[in-house]
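*Asks:* Quick one: this structure, given as structure tokens, is what I'll be asking you about.
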Amino acid sequence: MTMRTLFTRTARTVAAAALCVTALTALVACGDSGETATQADSITVSDQWVKAADSGMTAAFGQLANTGDSQVHLVSVSSPASGYMEIHEMATSDSGGMVMREKEGGLVIPAKGSHSLDPGGDHLMFMDITAPVTAGQTVDLTFTFEDGSTKDVEAQVRDFSGNEENYDPGTTDMPMPQDVTPGA
């Protein structure tokens, strides 16, 4: 065997080995992108809207759907339209009336399930709006989940009188809606 033949075979072997390593690296990269799905990735938000208000408090509503195989825990919500926000629920008070209060622990959206945010039910409370929110505007919201992941959502502002809910401090006894359909 000549030196030239030996050199050619060695070069081909090295090239073939390099090609195999490159292909194996690409295969591993395709199989594992290194990204782990987050709770935010599993949530879709639809029919989201905010009740118009000139000052004080207001609320956001909509439908949260979990497309994932595990429950998802929404722990907080924020918006530049509000000094701070809370996740609220309607519950029966000691006197038997309905009261609006912070929902301890946030919301859990079941695997392959949904959770409705409605007037007179669970909702996202703007505790101190920074400027009037008027019909036709959109409001930015950021949902934060238990795993630290976030989802940015835009919600349309709508006029809504509903059951005359009042989201001002000191007015926590509120009627439950019978048939609530927000106006566009």
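Going by the structure tokens order, chains are called A, B, ..., each with residues numbered from 1, while ligands are numbered from 1 in the order shown.
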Excluding same-chain residues fewer than 5 positions from Gly62 in chain A, what lies within 9 Å of it counting only C-alpha atoms, as a list in words?
*Replies:*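 Selected residues are Val45, Ser46, Asp47, Gln48, Trp49, Val50, His115, Ser116, Leu117, Asp118, His123 and Ala155 of chain A.
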*Asks:* Which neighbours of Gln156 in chain A fall inside 12 Å, counting only C-alpha atoms, when residues of the same chain fewer than 6 positions from it are skipped, and could you give them as a PyMOL selection string?
*Replies:* chain A and resi 46-52+59-62+133-141+182-184
*Asks:* I need the residue nearest Val72 in chain A from this list: A:Glu104, A:Asp41, A:Asp159, A:Asp152. Use only C-alpha atoms for the distance.
*Replies:*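 Comparing A:Glu104, A:Asp41, A:Asp159, A:Asp152 against Val72 in chain A, the winner is A:Asp41.
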*Asks:* Interatomic distance between CA of Val153 in chain A and CA of Met98 in chain A?
*Replies:*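 These atoms are spaced 29.1 Å apart.
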*Asks:* Could you write out, as a PyMOL selection string, all the residues of range 47-77 of chain A that DSSP marks as strand (DSSP E)?
*Replies:* chain A and resi 47-51+58-66+72-77
*Asks:* One decimal, Å: what's the distance from CA of Asp69 in chain A over to CA of Thr142 in chain A, could you say?
*Replies:*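 Spanning CA of Asp69 in chain A to CA of Thr142 in chain A is a straight-line distance of 22.7 Å.
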*Asks:* Taking into account only C-alpha atoms, which residue in the set A:Val99, A:Ile109, A:Ala81, A:Ile87 is nearest to Thr67 in chain A?
*Replies:*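 Ranked by minimum distance to Thr67 in chain A, first place goes to A:Ile109.
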*Asks:* When you look at Lys103 in chain A with a cut-off of 10 Å (counting only C-alpha atoms), what residues show up, excluding the ones that are within fewer than 6 positions of it in the same chain? I need them as a list in words.
*Replies:*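 Those residues are Val75, Glu86, Ile87, His88, Glu89, Met90, Ala91, Asp122, His123 and Leu124 of chain A.
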*Asks:* With N, CA, C and O atoms retained, export the selected residues as a short mmCIF file (atom, residue, chain, number, x, y, z; two decimals), in the first residue's frame.
*Replies:*
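Done, and the output landed in selection_13.cif:
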data_model
loop_
_atom_site.label_atom_id
_atom_site.label_comp_id
_atom_site.auth_asym_id
_atom_site.auth_seq_id
_atom_site.Cartn_x
_atom_site.Cartn_y
_atom_site.Cartn_z
N VAL A 75 -51.23 32.31 39.51
CA VAL A 75 -51.01 32.85 40.85
C VAL A 75 -51.15 34.36 40.93
O VAL A 75 -51.42 34.89 42.01
N GLU A 86 -55.69 41.75 41.79
CA GLU A 86 -55.92 40.54 42.57
C GLU A 86 -56.82 39.61 41.78
O GLU A 86 -57.64 40.07 40.98
N ILE A 87 -56.69 38.33 42.03
CA ILE A 87 -57.62 37.34 41.48
C ILE A 87 -58.74 37.23 42.51
O ILE A 87 -58.50 36.98 43.69
N HIS A 88 -59.98 37.49 42.06
CA HIS A 88 -61.12 37.54 42.98
C HIS A 88 -62.14 36.44 42.71
O HIS A 88 -62.22 35.90 41.61
N GLU A 89 -62.93 36.19 43.75
CA GLU A 89 -64.05 35.26 43.67
C GLU A 89 -65.25 35.91 44.34
O GLU A 89 -65.10 36.86 45.11
N MET A 90 -66.42 35.39 44.06
CA MET A 90 -67.63 35.76 44.78
C MET A 90 -67.92 34.60 45.73
O MET A 90 -67.84 33.45 45.34
N ALA A 91 -68.23 34.93 46.98
CA ALA A 91 -68.49 33.90 47.98
C ALA A 91 -69.61 34.37 48.90
O ALA A 91 -69.90 35.57 48.97
N ASP A 122 -65.68 34.31 39.51
CA ASP A 122 -64.24 34.60 39.54
C ASP A 122 -63.93 35.66 38.49
O ASP A 122 -64.52 35.68 37.40
N HIS A 123 -63.00 36.56 38.82
CA HIS A 123 -62.62 37.63 37.90
C HIS A 123 -61.25 38.17 38.30
O HIS A 123 -60.73 37.83 39.36
N LEU A 124 -60.69 39.00 37.45
CA LEU A 124 -59.39 39.61 37.69
C LEU A 124 -59.64 41.07 38.06
O LEU A 124 -60.16 41.84 37.25
#
